[in-house]
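Contents: one structure, followed by commentary.
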Amino acid sequence: MAEVLVYVDHVDGAVRKPTLELLTLARRIGEPVALALGNGAADTAAALAEHGAVKVLTADAPEFADYLVVPKVDALQAAYDAVSPAAVLLPSSAEAKEIAARLALRIGSGIITDAVDLEAGDSGPVATQSAFAASYTTKSRVSKGTPVITVKPNSVAVEAAPAAGAVEALTVSFSATATGTKVLSRTPRESTGRPELTEAAIVVSGGRGVNGAENFGIIEALADSLGAAVGASRAAVDAGWYPHTNQVGQTGKSVSPQLYIASGISGAIQHRAGMQTSKTIVAVNKDAEAPIFDLVDYGVVGDLFDVVPQLTDEVKTRKG
Amino acid sequence: MSLRIVVCVKYVPDATGDRHFADDLTLDRDDVDGLLSELDEYAVEQALQIAGEADDAEITVLTVGPEDAKDALRKALSMGADKAVHVEDDDLHGTDVIGTSLVLAKAIEKTGYDLVIAGMASTDGTMGVLPALLAERLGVPQVTLLSEVSVDGGTVKGRRDGDSASEQLEASLPAVVSVTDQSGEARYPSFKGIMAAKKKPVESLDLEDLEIEADEVGLGGSWTAVDSAAERPARTAGTIVKDEGEGGKQLAEFLAGQKFI
């Protein structure tokens, strides 16, 4: 059976959920071989094996942390040369997309980004994507070379499928351009204890209607009752009420959770572009004419300052 | 010594318009107005600021696209860029990102550059991979997704805010930079800027000028194939209730029914 190379996103050995989703999708088109780089790479093996990796290639070197992107491209190319896979899959994070693109160019292959589903096809994997603010669904494939495909988080339910997951050290020789961009310092983002916005199964977002940074507490309280991430519309971010890293929309982050709760968000096209592929959409807004209500599975026309705290209390009660 | 800045911009369909696919599964440009991609305005802005700090700098704004794409160039020129290069060729229709990166890289090399600046992604394709592809093709450092950027002598520095960390980056010129919408608000063109833009030179290049064969680009030369595009069925109308004191509880009931609670 053909091997499929899966690029592992992990933090000091803890594998992030989108990578487990990739392994689930990879098994539809072949046998997953995982590549984990950097500090803790070998510690990823157990989780990867549990989700179907037949082999785990690992490499660690100071270059991965000290220079931007290119050392990881060099490593992925070394893995590609060693495995000769039928496809290469990466998560759709900003960095992984850049790695994917550079690899595709080097190996003479086409690239598809932000797939939301993946199936085996007669002439290679077929990727589903959504286009034009999710008003279209397209099916695409890579027509030249080995398909390089990045997949958005929450595209598939993770399935366990134990496999050997034999760890093998990969030898990487770095290219001349590997040390071109120095990372002078790295400040880890302070953890809020909430799930990462782009990966969360539930996202609770606030917009203009939240009317002040001090009021975002009620959005956060609802998010915490549901174990959700917090998002914000551009209006709320531009007003300085919530950090830009939480912005959902065309110029912010694109999210595709199981449940999206929009509070005080009218639903301008720029916002819709970033959340329209959410599976279930719920909105609370005072304005019955707000365009967001065209998208919802369930909407409440009302004051979010009444509805959201009541919902939070009810969730807490029901969860006991 | 003059600092040569090339800003790559894209002419994109207006997202507030009704965007469709044409029969060949490329964008139907007849149905919707185009404009300079909002995310590229930030790139033009940073180019202007960097040029303002330099002793002597020249900003060339570059695009690949149909005749109408000149509108995007004019907008950038009216913001303050010095000159423009427009790559236009019938054979470019349907070119994918790998092909586009080839055309841009050849045009950048022909123009001459110390610094290439692009937006973080286009607002239509939203792939966000073009700056990395340009760096790979040009063989120069990529300093991408910056929310803060500065150039001092032969060095570019910037801050990259990722999901898990914020990084301070540094590279020697020449380099490829991309900037986010957090890099600084883009200026509006002044009346004077708009008038001045009409007199600024726009150079037109075609594939022959760039020594690119027709089969390397276009739909035929594309590295990916779109097999189908289906308009998403309109969502079935959801349930909408008016809050009369129990709105939060009703919503909780719905969420429980969907097994979210």
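A note on labels: chains of the structure tokens are A, B, ... as shown, every chain counts residues from 1, and ligands are counted from 1 in their shown order.
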Please report, as JSON lines, each residue of chain B lying at most 7 Å from chain A, together with the nearest pair of atoms and the separation in Å rounded to one decimal; use only C-alpha atoms, and order rows by chain and ascending residue number.
{"residue": "B:Thr16", "atom": "CA", "partner": "A:Ile269", "partner_atom": "CA", "distance": 6.2}
{"residue": "B:Arg19", "atom": "CA", "partner": "A:Phe132", "partner_atom": "CA", "distance": 6.5}
{"residue": "B:Thr123", "atom": "CA", "partner": "A:Gln250", "partner_atom": "CA", "distance": 6.8}
{"residue": "B:Asp124", "atom": "CA", "partner": "A:Phe132", "partner_atom": "CA", "distance": 6.8}
{"residue": "B:Met127", "atom": "CA", "partner": "A:Thr113", "partner_atom": "CA", "distance": 6.2}
{"residue": "B:Val129", "atom": "CA", "partner": "A:Glu98", "partner_atom": "CA", "distance": 5.4}
{"residue": "B:Ala132", "atom": "CA", "partner": "A:Glu98", "partner_atom": "CA", "distance": 5.6}
{"residue": "B:Leu133", "atom": "CA", "partner": "A:Arg102", "partner_atom": "CA", "distance": 5.7}
{"residue": "B:Glu136", "atom": "CA", "partner": "A:Arg102", "partner_atom": "CA", "distance": 6.2}
{"residue": "B:Gly139", "atom": "CA", "partner": "A:Thr177", "partner_atom": "CA", "distance": 6.9}
{"residue": "B:Pro141", "atom": "CA", "partner": "A:Gly180", "partner_atom": "CA", "distance": 4.9}
{"residue": "B:Gln142", "atom": "CA", "partner": "A:Thr181", "partner_atom": "CA", "distance": 6.6}
{"residue": "B:Val143", "atom": "CA", "partner": "A:Thr181", "partner_atom": "CA", "distance": 6.6}
{"residue": "B:Ser164", "atom": "CA", "partner": "A:Arg189", "partner_atom": "CA", "distance": 5.3}
{"residue": "B:Ala165", "atom": "CA", "partner": "A:Pro188", "partner_atom": "CA", "distance": 4.0}
{"residue": "B:Ser166", "atom": "CA", "partner": "A:Thr187", "partner_atom": "CA", "distance": 5.1}
{"residue": "B:Glu167", "atom": "CA", "partner": "A:Arg186", "partner_atom": "CA", "distance": 4.4}
{"residue": "B:Gln168", "atom": "CA", "partner": "A:Ser185", "partner_atom": "CA", "distance": 5.2}
{"residue": "B:Leu169", "atom": "CA", "partner": "A:Val183", "partner_atom": "CA", "distance": 4.7}
{"residue": "B:Glu170", "atom": "CA", "partner": "A:Lys182", "partner_atom": "CA", "distance": 5.2}
{"residue": "B:Ala171", "atom": "CA", "partner": "A:Thr181", "partner_atom": "CA", "distance": 4.8}
{"residue": "B:Asp181", "atom": "CA", "partner": "A:Thr251", "partner_atom": "CA", "distance": 6.7}
{"residue": "B:Trp223", "atom": "CA", "partner": "A:Gly110", "partner_atom": "CA", "distance": 4.4}
{"residue": "B:Thr224", "atom": "CA", "partner": "A:Val142", "partner_atom": "CA", "distance": 4.2}
{"residue": "B:Ala225", "atom": "CA", "partner": "A:Arg141", "partner_atom": "CA", "distance": 5.4}
{"residue": "B:Val226", "atom": "CA", "partner": "A:Ser140", "partner_atom": "CA", "distance": 4.2}
{"residue": "B:Asp227", "atom": "CA", "partner": "A:Ser140", "partner_atom": "CA", "distance": 5.5}
{"residue": "B:Ser228", "atom": "CA", "partner": "A:Lys139", "partner_atom": "CA", "distance": 5.3}
{"residue": "B:Ala229", "atom": "CA", "partner": "A:Thr138", "partner_atom": "CA", "distance": 4.2}
{"residue": "B:Ala230", "atom": "CA", "partner": "A:Thr137", "partner_atom": "CA", "distance": 5.3}
{"residue": "B:Glu231", "atom": "CA", "partner": "A:Tyr136", "partner_atom": "CA", "distance": 4.3}
{"residue": "B:Arg232", "atom": "CA", "partner": "A:Tyr136", "partner_atom": "CA", "distance": 5.0}
{"residue": "B:Arg235", "atom": "CA", "partner": "A:Leu295", "partner_atom": "CA", "distance": 6.5}
{"residue": "B:Gly238", "atom": "CA", "partner": "A:Asp297", "partner_atom": "CA", "distance": 4.1}
{"residue": "B:Thr239", "atom": "CA", "partner": "A:Tyr298", "partner_atom": "CA", "distance": 4.8}
{"residue": "B:Ile240", "atom": "CA", "partner": "A:Gly299", "partner_atom": "CA", "distance": 4.5}
{"residue": "B:Val241", "atom": "CA", "partner": "A:Val300", "partner_atom": "CA", "distance": 5.0}
{"residue": "B:Lys242", "atom": "CA", "partner": "A:Val301", "partner_atom": "CA", "distance": 4.7}
{"residue": "B:Asp243", "atom": "CA", "partner": "A:Gly302", "partner_atom": "CA", "distance": 5.0}
{"residue": "B:Gly247", "atom": "CA", "partner": "A:Val307", "partner_atom": "CA", "distance": 5.6}
{"residue": "B:Gly248", "atom": "CA", "partner": "A:Leu311", "partner_atom": "CA", "distance": 4.1}
{"residue": "B:Lys249", "atom": "CA", "partner": "A:Leu311", "partner_atom": "CA", "distance": 5.7}
{"residue": "B:Leu251", "atom": "CA", "partner": "A:Leu311", "partner_atom": "CA", "distance": 6.8}
{"residue": "B:Ala252", "atom": "CA", "partner": "A:Leu311", "partner_atom": "CA", "distance": 5.8}
{"residue": "B:Ile261", "atom": "CA", "partner": "A:Val315", "partner_atom": "CA", "distance": 6.6}
Selection above as a file: C-alpha atoms, as a tab-separated table (two decimals), in the first residue's frame:
chain	number	residue	atom	x	y	z
B	16	THR	CA	-19.29	42.02	-1.13
B	19	ARG	CA	-18.82	35.84	-6.94
B	123	THR	CA	-8.62	38.02	-0.11
B	124	ASP	CA	-9.97	35.73	-2.85
B	127	MET	CA	-3.88	30.56	0.37
B	129	VAL	CA	1.67	30.75	0.33
B	132	ALA	CA	7.08	31.74	0.68
B	133	LEU	CA	7.06	30.55	-2.95
B	136	GLU	CA	12.06	29.87	-2.57
B	139	GLY	CA	16.65	32.08	-3.23
B	141	PRO	CA	15.24	34.89	3.02
B	142	GLN	CA	11.52	34.92	3.75
B	143	VAL	CA	10.49	37.21	6.59
B	164	SER	CA	1.67	29.84	20.00
B	165	ALA	CA	4.44	32.45	20.09
B	166	SER	CA	5.55	35.87	18.97
B	167	GLU	CA	8.92	35.88	17.22
B	168	GLN	CA	11.43	38.63	16.45
B	169	LEU	CA	13.02	37.92	13.07
B	170	GLU	CA	16.00	39.28	11.21
B	171	ALA	CA	17.40	38.76	7.73
B	181	ASP	CA	-3.42	43.62	8.67
B	223	TRP	CA	-0.34	22.13	-11.29
B	224	THR	CA	-3.78	21.56	-9.84
B	225	ALA	CA	-7.15	20.84	-11.43
B	226	VAL	CA	-10.58	21.85	-10.22
B	227	ASP	CA	-12.94	19.04	-11.22
B	228	SER	CA	-16.17	20.53	-9.95
B	229	ALA	CA	-17.58	23.59	-8.25
B	230	ALA	CA	-21.03	23.44	-6.74
B	231	GLU	CA	-22.90	26.35	-5.30
B	232	ARG	CA	-23.59	25.52	-1.69
B	235	ARG	CA	-29.01	26.79	4.42
B	238	GLY	CA	-33.08	28.07	10.98
B	239	THR	CA	-35.33	28.52	13.95
B	240	ILE	CA	-35.44	32.13	15.10
B	241	VAL	CA	-37.06	33.07	18.38
B	242	LYS	CA	-37.61	36.43	20.01
B	243	ASP	CA	-36.31	36.71	23.56
B	247	GLY	CA	-34.18	33.21	25.17
B	248	GLY	CA	-31.07	31.87	26.89
B	249	LYS	CA	-32.90	28.82	28.19
B	251	LEU	CA	-31.02	28.33	23.21
B	252	ALA	CA	-29.70	25.91	25.85
B	261	ILE	CA	-24.31	20.26	26.27
Could you pull out the helix (DSSP H, G or I) residues of range 59-109 of chain B from DSSP and send them as a ChimeraX atom specification? /B:67-79,90-92,97-109
Which residues, written as a ChimeraX atom specification, have at least one atom at most 8 Å from Val158 in chain A, with only C-alpha atoms counted and residues fewer than 2 positions away on the same chain left out? /A:20-21,24,156,160
Could you list, as a VMD selection string, every residue within 10 Å of Ala49 in chain A, counting only C-alpha atoms and ignoring same-chain residues fewer than 5 positions away? chain A and resid 23 32 to 34 44 54 to 56 160 to 167
Those residues you just picked out, can you put them in a file as a PDB file, in the first residue's frame with N, CA, C and O atoms?
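After the write, part16.pdb holds the following:
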ATOM      1  N   LEU A  23      -3.892  12.116  10.212  1.00  0.00           N
ATOM      2  CA  LEU A  23      -3.618  10.671  10.180  1.00  0.00           C
ATOM      3  C   LEU A  23      -4.880   9.906   9.799  1.00  0.00           C
ATOM      4  O   LEU A  23      -4.828   8.929   9.044  1.00  0.00           O
ATOM      5  N   PRO A  32       0.032   5.901   6.709  1.00  0.00           N
ATOM      6  CA  PRO A  32       0.681   7.129   7.181  1.00  0.00           C
ATOM      7  C   PRO A  32       2.103   6.900   7.714  1.00  0.00           C
ATOM      8  O   PRO A  32       2.323   6.006   8.528  1.00  0.00           O
ATOM      9  N   VAL A  33       3.017   7.719   7.232  1.00  0.00           N
ATOM     10  CA  VAL A  33       4.360   7.812   7.809  1.00  0.00           C
ATOM     11  C   VAL A  33       4.466   9.240   8.328  1.00  0.00           C
ATOM     12  O   VAL A  33       4.254  10.193   7.570  1.00  0.00           O
ATOM     13  N   ALA A  34       4.749   9.392   9.629  1.00  0.00           N
ATOM     14  CA  ALA A  34       4.736  10.723  10.218  1.00  0.00           C
ATOM     15  C   ALA A  34       6.141  11.299  10.295  1.00  0.00           C
ATOM     16  O   ALA A  34       7.119  10.560  10.448  1.00  0.00           O
ATOM     17  N   THR A  44       6.456  12.122  20.373  1.00  0.00           N
ATOM     18  CA  THR A  44       5.166  12.114  19.675  1.00  0.00           C
ATOM     19  C   THR A  44       4.762  10.704  19.252  1.00  0.00           C
ATOM     20  O   THR A  44       3.606  10.470  18.906  1.00  0.00           O
ATOM     21  N   VAL A  54       2.504   4.117  10.702  1.00  0.00           N
ATOM     22  CA  VAL A  54       3.279   2.873  10.645  1.00  0.00           C
ATOM     23  C   VAL A  54       4.736   3.144  10.991  1.00  0.00           C
ATOM     24  O   VAL A  54       5.451   2.269  11.461  1.00  0.00           O
ATOM     25  N   LYS A  55       5.150   4.391  10.742  1.00  0.00           N
ATOM     26  CA  LYS A  55       6.529   4.767  11.013  1.00  0.00           C
ATOM     27  C   LYS A  55       6.540   6.223  11.461  1.00  0.00           C
ATOM     28  O   LYS A  55       5.712   7.013  11.001  1.00  0.00           O
ATOM     29  N   VAL A  56       7.467   6.563  12.372  1.00  0.00           N
ATOM     30  CA  VAL A  56       7.603   7.956  12.804  1.00  0.00           C
ATOM     31  C   VAL A  56       9.056   8.380  12.561  1.00  0.00           C
ATOM     32  O   VAL A  56       9.975   7.866  13.204  1.00  0.00           O
ATOM     33  N   ALA A 160      -9.014   6.435  16.214  1.00  0.00           N
ATOM     34  CA  ALA A 160      -7.808   5.703  16.597  1.00  0.00           C
ATOM     35  C   ALA A 160      -7.689   4.465  15.711  1.00  0.00           C
ATOM     36  O   ALA A 160      -8.701   3.905  15.282  1.00  0.00           O
ATOM     37  N   ALA A 161      -6.469   4.056  15.397  1.00  0.00           N
ATOM     38  CA  ALA A 161      -6.219   2.853  14.581  1.00  0.00           C
ATOM     39  C   ALA A 161      -4.787   2.422  14.840  1.00  0.00           C
ATOM     40  O   ALA A 161      -3.881   2.816  14.115  1.00  0.00           O
ATOM     41  N   PRO A 162      -4.566   1.664  15.913  1.00  0.00           N
ATOM     42  CA  PRO A 162      -3.201   1.352  16.331  1.00  0.00           C
ATOM     43  C   PRO A 162      -2.340   0.764  15.219  1.00  0.00           C
ATOM     44  O   PRO A 162      -2.805  -0.083  14.459  1.00  0.00           O
ATOM     45  N   ALA A 163      -1.119   1.275  15.121  1.00  0.00           N
ATOM     46  CA  ALA A 163      -0.149   0.779  14.136  1.00  0.00           C
ATOM     47  C   ALA A 163       1.221   0.749  14.803  1.00  0.00           C
ATOM     48  O   ALA A 163       1.362   1.170  15.954  1.00  0.00           O
ATOM     49  N   ALA A 164       2.210   0.262  14.064  1.00  0.00           N
ATOM     50  CA  ALA A 164       3.535   0.008  14.656  1.00  0.00           C
ATOM     51  C   ALA A 164       4.198   1.290  15.184  1.00  0.00           C
ATOM     52  O   ALA A 164       4.727   1.329  16.285  1.00  0.00           O
ATOM     53  N   GLY A 165       4.168   2.345  14.394  1.00  0.00           N
ATOM     54  CA  GLY A 165       4.772   3.601  14.825  1.00  0.00           C
ATOM     55  C   GLY A 165       6.244   3.490  15.189  1.00  0.00           C
ATOM     56  O   GLY A 165       6.716   4.124  16.139  1.00  0.00           O
ATOM     57  N   ALA A 166       6.969   2.707  14.407  1.00  0.00           N
ATOM     58  CA  ALA A 166       8.398   2.517  14.687  1.00  0.00           C
ATOM     59  C   ALA A 166       9.157   3.826  14.477  1.00  0.00           C
ATOM     60  O   ALA A 166       9.034   4.455  13.430  1.00  0.00           O
ATOM     61  N   VAL A 167       9.918   4.233  15.492  1.00  0.00           N
ATOM     62  CA  VAL A 167      10.651   5.502  15.410  1.00  0.00           C
ATOM     63  C   VAL A 167      11.963   5.306  14.657  1.00  0.00           C
ATOM     64  O   VAL A 167      12.706   4.364  14.905  1.00  0.00           O
TER      65      VAL A 167
END
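Residue neighbourhood of Asp43 in chain A, excluding near-sequence residues (fewer than 3 positions): Val8, His10, Val11, Asp12, Gly13, Ala14, Val15, Ala36, Leu37, Gly38, Asn39, Gly40, Ala46, Ala47, Leu48, Ala49, Val56, Leu57, Thr58, Ala59, Asp60, Gly165 and Val167 of chain A, at 12 Å, using only C-alpha atoms.
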Export of prior selection with N, CA, C and O atoms as an mmCIF file, in the first residue's frame:
data_model
loop_
_atom_site.group_PDB
_atom_site.id
_atom_site.type_symbol
_atom_site.label_atom_id
_atom_site.label_comp_id
_atom_site.auth_asym_id
_atom_site.auth_seq_id
_atom_site.Cartn_x
_atom_site.Cartn_y
_atom_site.Cartn_z
ATOM 1 N N VAL A 8 3.957 16.506 11.244
ATOM 2 C CA VAL A 8 3.384 16.542 12.592
ATOM 3 C C VAL A 8 3.519 17.927 13.223
ATOM 4 O O VAL A 8 4.612 18.497 13.283
ATOM 5 N N HIS A 10 3.381 19.647 16.689
ATOM 6 C CA HIS A 10 3.393 19.283 18.107
ATOM 7 C C HIS A 10 4.084 20.378 18.914
ATOM 8 O O HIS A 10 4.815 21.204 18.364
ATOM 9 N N VAL A 11 3.800 20.394 20.199
ATOM 10 C CA VAL A 11 4.474 21.333 21.091
ATOM 11 C C VAL A 11 5.238 20.519 22.123
ATOM 12 O O VAL A 11 4.627 19.843 22.956
ATOM 13 N N ASP A 12 6.557 20.511 22.006
ATOM 14 C CA ASP A 12 7.428 19.746 22.901
ATOM 15 C C ASP A 12 6.970 18.295 23.061
ATOM 16 O O ASP A 12 6.971 17.752 24.171
ATOM 17 N N GLY A 13 6.525 17.697 21.983
ATOM 18 C CA GLY A 13 6.157 16.286 22.010
ATOM 19 C C GLY A 13 4.674 16.029 22.135
ATOM 20 O O GLY A 13 4.210 14.912 21.910
ATOM 21 N N ALA A 14 3.902 17.047 22.509
ATOM 22 C CA ALA A 14 2.448 16.887 22.597
ATOM 23 C C ALA A 14 1.837 17.163 21.214
ATOM 24 O O ALA A 14 1.905 18.280 20.713
ATOM 25 N N VAL A 15 1.264 16.111 20.611
ATOM 26 C CA VAL A 15 0.733 16.221 19.251
ATOM 27 C C VAL A 15 -0.572 16.999 19.275
ATOM 28 O O VAL A 15 -1.467 16.733 20.082
ATOM 29 N N ALA A 36 8.143 14.127 12.567
ATOM 30 C CA ALA A 36 8.105 15.055 13.702
ATOM 31 C C ALA A 36 9.474 15.704 13.856
ATOM 32 O O ALA A 36 10.492 15.013 13.859
ATOM 33 N N LEU A 37 9.492 17.035 13.990
ATOM 34 C CA LEU A 37 10.755 17.770 14.059
ATOM 35 C C LEU A 37 10.880 18.538 15.366
ATOM 36 O O LEU A 37 9.873 18.923 15.965
ATOM 37 N N GLY A 38 12.123 18.760 15.769
ATOM 38 C CA GLY A 38 12.388 19.669 16.877
ATOM 39 C C GLY A 38 12.321 19.012 18.244
ATOM 40 O O GLY A 38 12.240 17.785 18.366
ATOM 41 N N ASN A 39 12.313 19.863 19.251
ATOM 42 C CA ASN A 39 12.347 19.403 20.634
ATOM 43 C C ASN A 39 11.149 18.500 20.956
ATOM 44 O O ASN A 39 10.010 18.891 20.743
ATOM 45 N N GLY A 40 11.437 17.293 21.439
ATOM 46 C CA GLY A 40 10.360 16.385 21.824
ATOM 47 C C GLY A 40 9.837 15.544 20.670
ATOM 48 O O GLY A 40 8.818 14.852 20.819
ATOM 49 N N ALA A 46 4.102 7.687 20.465
ATOM 50 C CA ALA A 46 2.999 6.886 21.014
ATOM 51 C C ALA A 46 1.652 7.370 20.479
ATOM 52 O O ALA A 46 0.827 6.575 20.003
ATOM 53 N N ALA A 47 1.439 8.684 20.513
ATOM 54 C CA ALA A 47 0.163 9.234 20.038
ATOM 55 C C ALA A 47 -0.009 8.997 18.538
ATOM 56 O O ALA A 47 -1.106 8.691 18.066
ATOM 57 N N LEU A 48 1.087 9.118 17.801
ATOM 58 C CA LEU A 48 1.009 8.937 16.349
ATOM 59 C C LEU A 48 0.729 7.476 15.998
ATOM 60 O O LEU A 48 -0.062 7.179 15.086
ATOM 61 N N ALA A 49 1.381 6.562 16.735
ATOM 62 C CA ALA A 49 1.166 5.118 16.501
ATOM 63 C C ALA A 49 -0.280 4.747 16.795
ATOM 64 O O ALA A 49 -0.913 3.993 16.046
ATOM 65 N N VAL A 56 7.467 6.563 12.372
ATOM 66 C CA VAL A 56 7.603 7.956 12.804
ATOM 67 C C VAL A 56 9.056 8.380 12.561
ATOM 68 O O VAL A 56 9.975 7.866 13.204
ATOM 69 N N LEU A 57 9.238 9.286 11.616
ATOM 70 C CA LEU A 57 10.572 9.817 11.344
ATOM 71 C C LEU A 57 10.784 11.030 12.248
ATOM 72 O O LEU A 57 9.891 11.871 12.374
ATOM 73 N N THR A 58 11.940 11.114 12.867
ATOM 74 C CA THR A 58 12.189 12.240 13.771
ATOM 75 C C THR A 58 13.532 12.890 13.463
ATOM 76 O O THR A 58 14.468 12.231 12.998
ATOM 77 N N ALA A 59 13.604 14.177 13.714
ATOM 78 C CA ALA A 59 14.872 14.895 13.602
ATOM 79 C C ALA A 59 14.836 16.068 14.556
ATOM 80 O O ALA A 59 13.806 16.727 14.699
ATOM 81 N N ASP A 60 15.955 16.295 15.229
ATOM 82 C CA ASP A 60 16.065 17.500 16.050
ATOM 83 C C ASP A 60 17.427 18.138 15.796
ATOM 84 O O ASP A 60 18.423 17.432 15.611
ATOM 85 N N GLY A 165 4.168 2.345 14.394
ATOM 86 C CA GLY A 165 4.772 3.601 14.825
ATOM 87 C C GLY A 165 6.244 3.490 15.189
ATOM 88 O O GLY A 165 6.716 4.124 16.139
ATOM 89 N N VAL A 167 9.918 4.233 15.492
ATOM 90 C CA VAL A 167 10.651 5.502 15.410
ATOM 91 C C VAL A 167 11.963 5.306 14.657
ATOM 92 O O VAL A 167 12.706 4.364 14.905
#
As a ChimeraX atom specification, list the residues of range 153-274 of chain A assigned to strand (DSSP E) by DSSP on the backbone atoms of this structure. /A:166-169,181-188,202-206,229-232,259-263
Writer output for current selection, N, CA, C and O atoms, as a tab-separated table (two decimals), in the first residue's frame:
chain	number	residue	atom	x	y	z
A	166	ALA	N	6.97	2.71	14.41
A	166	ALA	CA	8.40	2.52	14.69
A	166	ALA	C	9.16	3.83	14.48
A	166	ALA	O	9.03	4.46	13.43
A	167	VAL	N	9.92	4.23	15.49
A	167	VAL	CA	10.65	5.50	15.41
A	167	VAL	C	11.96	5.31	14.66
A	167	VAL	O	12.71	4.36	14.90
A	168	GLU	N	12.21	6.21	13.73
A	168	GLU	CA	13.44	6.16	12.95
A	168	GLU	C	14.02	7.56	12.87
A	168	GLU	O	13.29	8.51	12.54
A	169	ALA	N	15.30	7.71	13.18
A	169	ALA	CA	15.92	9.03	13.08
A	169	ALA	C	16.17	9.36	11.62
A	169	ALA	O	16.65	8.53	10.85
A	181	THR	N	16.89	33.41	7.69
A	181	THR	CA	16.05	34.26	8.55
A	181	THR	C	16.20	33.81	9.99
A	181	THR	O	15.74	32.75	10.39
A	182	LYS	N	16.89	34.64	10.78
A	182	LYS	CA	17.16	34.32	12.19
A	182	LYS	C	15.96	34.60	13.05
A	182	LYS	O	15.29	35.63	12.89
A	183	VAL	N	15.69	33.70	13.99
A	183	VAL	CA	14.70	33.98	15.03
A	183	VAL	C	15.48	34.54	16.21
A	183	VAL	O	16.21	33.82	16.90
A	184	LEU	N	15.40	35.86	16.43
A	184	LEU	CA	16.19	36.51	17.48
A	184	LEU	C	15.64	36.19	18.85
A	184	LEU	O	16.38	36.05	19.82
A	185	SER	N	14.30	36.13	18.94
A	185	SER	CA	13.69	35.81	20.24
A	185	SER	C	12.31	35.22	19.99
A	185	SER	O	11.72	35.44	18.92
A	186	ARG	N	11.85	34.47	20.97
A	186	ARG	CA	10.53	33.87	20.85
A	186	ARG	C	9.83	34.01	22.20
A	186	ARG	O	10.34	33.56	23.22
A	187	THR	N	8.66	34.67	22.17
A	187	THR	CA	7.89	34.84	23.40
A	187	THR	C	6.63	34.00	23.29
A	187	THR	O	5.76	34.31	22.48
A	188	PRO	N	6.56	32.92	24.08
A	188	PRO	CA	5.36	32.08	23.97
A	188	PRO	C	4.13	32.90	24.35
A	188	PRO	O	4.18	33.73	25.26
A	202	ILE	N	-15.86	24.15	19.58
A	202	ILE	CA	-16.88	25.18	19.79
A	202	ILE	C	-16.20	26.54	19.88
A	202	ILE	O	-15.17	26.68	20.55
A	203	VAL	N	-16.76	27.53	19.19
A	203	VAL	CA	-16.23	28.89	19.26
A	203	VAL	C	-17.38	29.83	19.65
A	203	VAL	O	-18.47	29.76	19.07
A	204	VAL	N	-17.11	30.66	20.63
A	204	VAL	CA	-18.08	31.68	21.04
A	204	VAL	C	-17.48	33.04	20.70
A	204	VAL	O	-16.40	33.38	21.19
A	205	SER	N	-18.15	33.80	19.84
A	205	SER	CA	-17.58	35.07	19.38
A	205	SER	C	-18.43	36.26	19.80
A	205	SER	O	-19.66	36.17	19.85
A	206	GLY	N	-17.75	37.37	20.04
A	206	GLY	CA	-18.44	38.61	20.35
A	206	GLY	C	-18.11	39.68	19.33
A	206	GLY	O	-17.02	39.69	18.77
A	229	ALA	N	-13.44	28.05	22.56
A	229	ALA	CA	-12.51	29.15	22.32
A	229	ALA	C	-13.32	30.44	22.17
A	229	ALA	O	-14.51	30.39	21.86
A	230	VAL	N	-12.64	31.58	22.37
A	230	VAL	CA	-13.30	32.88	22.21
A	230	VAL	C	-12.84	33.54	20.91
A	230	VAL	O	-11.64	33.60	20.64
A	231	GLY	N	-13.79	33.99	20.13
A	231	GLY	CA	-13.49	34.73	18.92
A	231	GLY	C	-14.04	36.14	19.02
A	231	GLY	O	-14.79	36.46	19.93
A	232	ALA	N	-13.63	36.99	18.06
A	232	ALA	CA	-14.12	38.37	18.05
A	232	ALA	C	-14.24	38.82	16.61
A	232	ALA	O	-13.50	38.36	15.73
A	259	LEU	N	-19.62	23.91	16.42
A	259	LEU	CA	-20.63	24.89	16.84
A	259	LEU	C	-20.01	26.28	16.91
A	259	LEU	O	-18.94	26.46	17.49
A	260	TYR	N	-20.68	27.26	16.28
A	260	TYR	CA	-20.22	28.64	16.33
A	260	TYR	C	-21.35	29.49	16.90
A	260	TYR	O	-22.48	29.45	16.41
A	261	ILE	N	-21.06	30.20	17.97
A	261	ILE	CA	-22.06	31.06	18.61
A	261	ILE	C	-21.63	32.51	18.43
A	261	ILE	O	-20.60	32.93	18.95
A	262	ALA	N	-22.41	33.27	17.64
A	262	ALA	CA	-22.10	34.68	17.37
A	262	ALA	C	-22.98	35.55	18.26
A	262	ALA	O	-24.20	35.46	18.20
A	263	SER	N	-22.35	36.40	19.05
A	263	SER	CA	-23.11	37.27	19.94
A	263	SER	C	-22.84	38.72	19.60
A	263	SER	O	-21.68	39.15	19.61
Between CA of Ala235 in chain A and CA of Val12 in chain B, what distance in Å does the model show, to one decimal? 22.7 Å
Tell me, as a PyMOL selection string, which residues lie within 6 Å of Arg208 in chain A, counting only C-alpha atoms; anything in the same chain fewer than 2 positions away does not count. chain A and resi 210-211+235-236+264
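Compared by their closest atoms to Ile149 in chain A, and using only C-alpha atoms, the residues A:Ala79, A:Leu222, A:Leu25, A:Val237 rank with A:Leu25 nearest.
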Would you mind listing what lies within 9 Å of range 66-79 of chain B as number ranges by chain, with only C-alpha atoms counted and same-chain residues fewer than 4 positions away left out? B: 9-12, 34-37, 41, 44-45, 48, 60-62, 83-90, 92-93, 186-198, 200, 202
Between B:Thr100, B:Gly221, B:Asp209, B:Asp23, which residue has the minimum interatomic distance to Thr63 in chain B, considering only C-alpha atoms? B:Thr100
